[in-house]
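*Asks:* Dumping the structure here so I can ask a few things about it.
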Amino acid sequence: MERNGKEYYEKIAAKIRVDIIKSIHSAGSGHPGGSLSCADIITALYFGEMNVNPDDPKMEDRDKFVLSKGHAAPAMYAALGEKGFFPVEELMTLRKMGSRFQGHANMHYVPGVEMSTGSLGQGFSVSVGMALAGKLDDSNGRVYVLLGDGELQEGIVWEAAMAAPNYGLDNLTAFVDWNKLQIDGRNEEVMKVTPIDEKFKAFGWNVITINGHDFDEIFQALDDARSVKGRPTVIIAETIKGKGVDFMEDQAGWHGKAPNDEEAAKAVEQLGGNW
């Protein structure tokens with residue numbers, strides 16, 4: 001697949017991160033840490049990988065993305081806005097009364113959102129169902145799903161992980177946003193999730209581990225996933241929670257806290273945006 005140079009995607013990811021900060025600040029609540037950590041993955045999917053059309057969000061044989069870590073909705077909203085599904089300015093209504101952009105995305109109101117998520121693990125299960133339906137329909141579309149590492153503590157995740165290889169879902173690619181932090185602290189201290197790679201291998205997945213902030217590695221992993229037949233692929237992306245904002249990076253306290261005026265202005269400046 002022909003793609004642009006990594007600088008192109010880095011610029012888009014920076015815009016998405018600025019949108020994340022501004023929208024969460026405008027809302028006065030939200031989840032900046034995990035939205036920033038997955039911004040590069042979501043940028044790669046929407047701007048370099050997936051076959052989607054803002055002018056026809058429900059087109060046949062489109063690729064589908066499911067944000068299983070639904071609290072990172074600001075990252076998906078920003079990508080959809082920058083892609084042209086709706087005006088970027090509307091992101092500033094995040095979490096406000098009457099807005100279609102709520103804290104967890106609603107598939108009935110936001111174009112481009114394939115599944116309403118929020119209850120951790122359910123998005124992953126739905127993505128398996130979507131991929132199975134695609135196989136039954138002989139669809140050319142692929143399914144992509146993004147999980148949080150803390151989300152792997154949910155039992156429903158491993159039921160889905162068992163089902164996907166059983167049905168040979170090579171049209172399914174999962175990402176794990178492995179930033180090693182969740183709302184209550186480090187994964188290893190709350191509920192150990194490692195070894196993530198060996199667990200997925202035991203369930204029959206093709207497993208790839210990458211730097212989740214390196215576009216060359218992200219796209220190489222996606223290309224490798226496309227070449228694998230007969231089983232799904234999981235890409236374990238090592239990331240930094242709060243990526244791009246020095247006072248948010250690797251800090252569990254920024255899992256679910258909005259920046260104040262001064263913090264938001266500083267964050268936007270660091271990301272190369274205008275406050």
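Naming scheme: A, B, ... for chains in displayed order of the structure tokens; residues 1 onward per chain; ligands 1 onward as shown.
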Please return, as a list in words, all residues of range 27-124 of chain A that DSSP assigns to alpha helix (DSSP H) on the basis of the backbone.
*Replies:* Ala27, Pro32, Gly33, Gly34, Ser35, Leu36, Ser37, Ala39, Asp40, Ile41, Ile42, Thr43, Ala44, Ala73, Pro74, Ala75, Met76, Tyr77, Ala78, Ala79, Leu80, Gly81, Glu82, Lys83, Gln122, Gly123 and Phe124 of chain A
*Asks:* Considering only C-alpha atoms, return as a list in words whatever protein or nucleic-acid residues lie within 12 Å of Phe215 in chain A, sequence-local ones (same chain, fewer than 5 positions apart) excluded.
*Replies:*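 Counting only C-alpha atoms, the residues come to Arg3, Asn4, Gly5, Lys6, Glu7, Tyr8, Tyr9, Glu10, Lys11, Ile12, Ala13, Ala39, Asp40, Ile41, Ile42, Thr43, Ala44, Leu45, Phe47, Gly48, Glu49, Ile210, Gln220, Ala221, Leu222 and Ala237 of chain A.
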*Asks:* For the residues in that selection, give me N, CA and C atoms as a compact mmCIF listing (two decimals), in the first residue's frame.
*Replies:*
```txt
# COMPACT_ATOMS: atom_id res chain seq x y z
N ARG A 3 1.97 4.92 0.74
CA ARG A 3 1.68 5.86 1.83
C ARG A 3 2.59 7.07 1.73
N ASN A 4 2.25 8.10 2.48
CA ASN A 4 3.08 9.29 2.57
C ASN A 4 4.26 9.05 3.51
N GLY A 5 5.18 10.00 3.56
CA GLY A 5 6.29 9.91 4.49
C GLY A 5 5.83 10.09 5.93
N LYS A 6 6.64 9.64 6.87
CA LYS A 6 6.23 9.67 8.28
C LYS A 6 5.98 11.08 8.78
N GLU A 7 6.65 12.09 8.19
CA GLU A 7 6.44 13.47 8.62
C GLU A 7 4.98 13.90 8.43
N TYR A 8 4.37 13.39 7.37
CA TYR A 8 2.96 13.69 7.09
C TYR A 8 2.07 13.22 8.24
N TYR A 9 2.30 12.00 8.69
CA TYR A 9 1.48 11.43 9.76
C TYR A 9 1.81 12.07 11.11
N GLU A 10 3.06 12.44 11.30
CA GLU A 10 3.44 13.11 12.55
C GLU A 10 2.72 14.45 12.69
N LYS A 11 2.56 15.17 11.58
CA LYS A 11 1.87 16.45 11.61
C LYS A 11 0.39 16.26 11.93
N ILE A 12 -0.22 15.25 11.34
CA ILE A 12 -1.64 14.97 11.63
C ILE A 12 -1.81 14.55 13.08
N ALA A 13 -0.91 13.70 13.56
CA ALA A 13 -1.00 13.24 14.96
C ALA A 13 -0.87 14.42 15.91
N ALA A 39 -2.86 8.23 20.03
CA ALA A 39 -3.08 9.15 18.90
C ALA A 39 -2.33 8.73 17.64
N ASP A 40 -1.12 8.22 17.78
CA ASP A 40 -0.35 7.82 16.60
C ASP A 40 -0.97 6.59 15.94
N ILE A 41 -1.43 5.65 16.73
CA ILE A 41 -2.07 4.46 16.18
C ILE A 41 -3.33 4.84 15.40
N ILE A 42 -4.15 5.69 16.00
CA ILE A 42 -5.40 6.09 15.36
C ILE A 42 -5.11 6.92 14.11
N THR A 43 -4.08 7.76 14.16
CA THR A 43 -3.68 8.52 12.97
C THR A 43 -3.29 7.57 11.84
N ALA A 44 -2.48 6.58 12.14
CA ALA A 44 -2.04 5.63 11.12
C ALA A 44 -3.22 4.91 10.49
N LEU A 45 -4.19 4.53 11.31
CA LEU A 45 -5.34 3.79 10.80
C LEU A 45 -6.20 4.66 9.87
N PHE A 47 -5.55 7.64 8.43
CA PHE A 47 -4.92 8.43 7.37
C PHE A 47 -3.93 7.65 6.51
N GLY A 48 -3.65 6.39 6.87
CA GLY A 48 -2.71 5.63 6.07
C GLY A 48 -3.06 4.19 5.84
N GLU A 49 -4.14 3.72 6.46
CA GLU A 49 -4.45 2.30 6.39
C GLU A 49 -5.88 2.00 5.94
N ILE A 210 5.65 -3.59 18.85
CA ILE A 210 6.25 -2.43 18.20
C ILE A 210 6.33 -1.24 19.17
N GLN A 220 4.57 -1.01 9.14
CA GLN A 220 5.15 -2.32 8.83
C GLN A 220 4.34 -3.43 9.49
N ALA A 221 3.92 -3.20 10.73
CA ALA A 221 3.11 -4.20 11.43
C ALA A 221 1.77 -4.40 10.75
N LEU A 222 1.16 -3.31 10.29
CA LEU A 222 -0.11 -3.42 9.58
C LEU A 222 0.04 -4.19 8.28
N ALA A 237 1.47 -2.43 21.06
CA ALA A 237 2.14 -1.16 20.82
C ALA A 237 2.60 -0.54 22.14
```
*Asks:* Please list as an MDAnalysis selection string every residue within 8 Å of range 72-79 of chain A, counting only C-alpha atoms and excluding residues in the same chain fewer than 2 positions away.
*Replies:* chainID A and resid 16:17 19:20 23:24 31:32 34:36 38:39 42:43 46 67 69:70 81:83 88 91 101 103:105
*Asks:* When you look at Ile240 in chain A with a cut-off of 10 Å (counting only C-alpha atoms), what residues show up, excluding the ones that are within fewer than 2 positions of it in the same chain? I need them as an mmCIF file with N, CA, C and O atoms, in the first residue's frame.
*Replies:*
```cif
data_model
loop_
_atom_site.group_PDB
_atom_site.id
_atom_site.type_symbol
_atom_site.label_atom_id
_atom_site.label_comp_id
_atom_site.auth_asym_id
_atom_site.auth_seq_id
_atom_site.Cartn_x
_atom_site.Cartn_y
_atom_site.Cartn_z
ATOM 1 N N GLY A 33 -4.758 11.254 29.145
ATOM 2 C CA GLY A 33 -3.588 10.374 29.127
ATOM 3 C C GLY A 33 -3.656 9.282 28.085
ATOM 4 O O GLY A 33 -2.769 9.139 27.244
ATOM 5 N N GLY A 34 -4.706 8.487 28.135
ATOM 6 C CA GLY A 34 -4.864 7.379 27.196
ATOM 7 C C GLY A 34 -5.283 7.802 25.810
ATOM 8 O O GLY A 34 -5.120 7.045 24.855
ATOM 9 N N LEU A 36 -3.960 10.582 24.372
ATOM 10 C CA LEU A 36 -2.685 10.994 23.794
ATOM 11 C C LEU A 36 -1.800 9.799 23.452
ATOM 12 O O LEU A 36 -1.082 9.811 22.455
ATOM 13 N N SER A 37 -1.868 8.751 24.262
ATOM 14 C CA SER A 37 -0.986 7.600 24.028
ATOM 15 C C SER A 37 -1.348 6.843 22.759
ATOM 16 O O SER A 37 -0.489 6.249 22.114
ATOM 17 N N CYS A 38 -2.619 6.864 22.373
ATOM 18 C CA CYS A 38 -3.046 6.099 21.199
ATOM 19 C C CYS A 38 -3.205 6.954 19.947
ATOM 20 O O CYS A 38 -3.629 6.459 18.900
ATOM 21 N N ASP A 177 -2.879 -0.824 23.356
ATOM 22 C CA ASP A 177 -2.180 0.412 23.715
ATOM 23 C C ASP A 177 -1.475 0.161 25.049
ATOM 24 O O ASP A 177 -2.032 0.391 26.124
ATOM 25 N N TRP A 178 -0.244 -0.286 24.960
ATOM 26 C CA TRP A 178 0.493 -0.746 26.144
ATOM 27 C C TRP A 178 1.281 0.414 26.751
ATOM 28 O O TRP A 178 2.486 0.532 26.607
ATOM 29 N N ASN A 179 0.538 1.291 27.454
ATOM 30 C CA ASN A 179 1.207 2.417 28.124
ATOM 31 C C ASN A 179 1.515 2.112 29.586
ATOM 32 O O ASN A 179 2.087 2.934 30.285
ATOM 33 N N LYS A 180 1.093 0.928 30.038
ATOM 34 C CA LYS A 180 1.472 0.362 31.340
ATOM 35 C C LYS A 180 0.836 1.064 32.545
ATOM 36 O O LYS A 180 1.214 0.794 33.686
ATOM 37 N N LEU A 181 -0.122 1.955 32.284
ATOM 38 C CA LEU A 181 -0.798 2.665 33.366
ATOM 39 C C LEU A 181 -2.308 2.583 33.205
ATOM 40 O O LEU A 181 -2.821 2.526 32.086
ATOM 41 N N ASN A 211 7.026 -0.208 18.705
ATOM 42 C CA ASN A 211 6.976 1.112 19.326
ATOM 43 C C ASN A 211 5.730 1.802 18.769
ATOM 44 O O ASN A 211 5.679 2.122 17.578
ATOM 45 N N GLY A 212 4.752 2.042 19.596
ATOM 46 C CA GLY A 212 3.483 2.598 19.145
ATOM 47 C C GLY A 212 3.517 4.063 18.786
ATOM 48 O O GLY A 212 2.475 4.647 18.445
ATOM 49 N N HIS A 213 4.692 4.693 18.845
ATOM 50 C CA HIS A 213 4.844 6.082 18.436
ATOM 51 C C HIS A 213 5.735 6.220 17.198
ATOM 52 O O HIS A 213 6.076 7.339 16.813
ATOM 53 N N ALA A 237 1.465 -2.430 21.064
ATOM 54 C CA ALA A 237 2.145 -1.160 20.820
ATOM 55 C C ALA A 237 2.599 -0.544 22.139
ATOM 56 O O ALA A 237 1.779 -0.099 22.942
ATOM 57 N N GLU A 238 3.897 -0.523 22.354
ATOM 58 C CA GLU A 238 4.430 0.122 23.557
ATOM 59 C C GLU A 238 4.326 1.633 23.388
ATOM 60 O O GLU A 238 4.869 2.203 22.443
ATOM 61 N N GLY A 242 -0.049 9.982 27.976
ATOM 62 C CA GLY A 242 0.151 11.424 27.930
ATOM 63 C C GLY A 242 1.177 11.875 26.922
ATOM 64 O O GLY A 242 1.678 13.002 27.007
ATOM 65 N N LYS A 243 1.494 11.036 25.936
ATOM 66 C CA LYS A 243 2.565 11.308 24.980
ATOM 67 C C LYS A 243 2.452 12.703 24.353
ATOM 68 O O LYS A 243 1.399 13.103 23.868
ATOM 69 N N GLY A 244 3.571 13.432 24.380
ATOM 70 C CA GLY A 244 3.644 14.725 23.739
ATOM 71 C C GLY A 244 3.550 15.910 24.674
ATOM 72 O O GLY A 244 3.865 17.034 24.290
ATOM 73 N N MET A 248 2.386 15.439 31.521
ATOM 74 C CA MET A 248 1.387 14.365 31.526
ATOM 75 C C MET A 248 2.004 12.997 31.267
ATOM 76 O O MET A 248 1.409 11.974 31.628
ATOM 77 N N GLU A 249 3.180 12.971 30.660
ATOM 78 C CA GLU A 249 3.765 11.702 30.238
ATOM 79 C C GLU A 249 4.047 10.769 31.412
ATOM 80 O O GLU A 249 4.641 11.164 32.414
ATOM 81 N N ASP A 250 3.570 9.527 31.258
ATOM 82 C CA ASP A 250 3.805 8.444 32.221
ATOM 83 C C ASP A 250 3.290 8.787 33.618
ATOM 84 O O ASP A 250 3.860 8.363 34.625
ATOM 85 N N GLN A 251 2.188 9.535 33.663
ATOM 86 C CA GLN A 251 1.588 9.921 34.930
ATOM 87 C C GLN A 251 0.146 9.399 35.005
ATOM 88 O O GLN A 251 -0.712 9.842 34.246
#
```
*Asks:* Have a look at A:Ile196, A:Ala265, A:Met107, A:Val18 and name the one nearest to Gln153 in chain A; count only C-alpha atoms.
*Replies:*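 Nearest candidate to Gln153 in chain A out of A:Ile196, A:Ala265, A:Met107, A:Val18: A:Ile196.
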